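See below for the structure under consideration.
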Amino acid sequence: MEQLLREISSKELTEWRAYAALEPFGETRADLRAGIVARTVAEVHRNPKRRKRPFEVKEFMPRFEETAGEDVEQTPEQQLALVEVLNAAFGGQDLRGKNGSS
C-alpha cells in the first residue's frame, strides 16, 4: 500500500476508481459473469406458475455487506467518521485544528 501511495497520484487513483465503476474488472467482473450464468440456468428451469417474474442477475451476486443493494442513509457524523478513518489509513493529516472542527 505504501508503494502504491508513493507511486500513484490522487488524480490517477480517482481515474482508476471511475474506470472500475464503468468497466468492472477483477473479482467484481468474475462475480458478474458467474451471476449471469447462474441466472441463465435458473431462468431455464423457472416454473412460471410458481415464480411469475424472471430472475435478475443481482439475485445471484454475492453480498458482502449486510446492506448490499440497499440505499442506506448515513448521518453526517457517520460520514465524518469514515473520512477520518480513510484519512488516517492513507497517512493524511487532519488540518482542522485540535478539537477536530474547522
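Ligands are numbered from 1 in the order shown, chains are lettered A, B, ... in the order of the C-alpha cells, and residues start at 1 in each chain.
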
Glu56 (chain A) environment, 12 Å, only C-alpha atoms, sequence neighbours closer than 5 positions dropped, as number ranges by chain: A: 32, 35-43, 61

Would you mind exporting C-alpha atoms of the selected residues as a compact mmCIF listing (two decimals), in the first residue's frame?
```
# COMPACT_ATOMS: atom_id res chain seq x y z
CA LEU A 32 -20.87 -10.71 -12.58
CA GLY A 35 -24.13 -14.36 -11.77
CA ILE A 36 -25.11 -14.20 -15.44
CA VAL A 37 -24.52 -17.93 -15.88
CA ALA A 38 -26.40 -18.79 -12.67
CA ARG A 39 -29.32 -16.56 -13.68
CA THR A 40 -29.47 -18.19 -17.11
CA VAL A 41 -29.55 -21.69 -15.61
CA ALA A 42 -32.20 -20.68 -13.08
CA GLU A 43 -34.29 -19.00 -15.77
CA MET A 61 -24.36 -11.85 -6.99
```

Point-to-point distance in Å for CA of Pro54 (chain A) and CA of Ala21 (chain A):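 Answer for the CA of Ala21 (chain A) to CA of Pro54 (chain A) separation: 26.0 Å.
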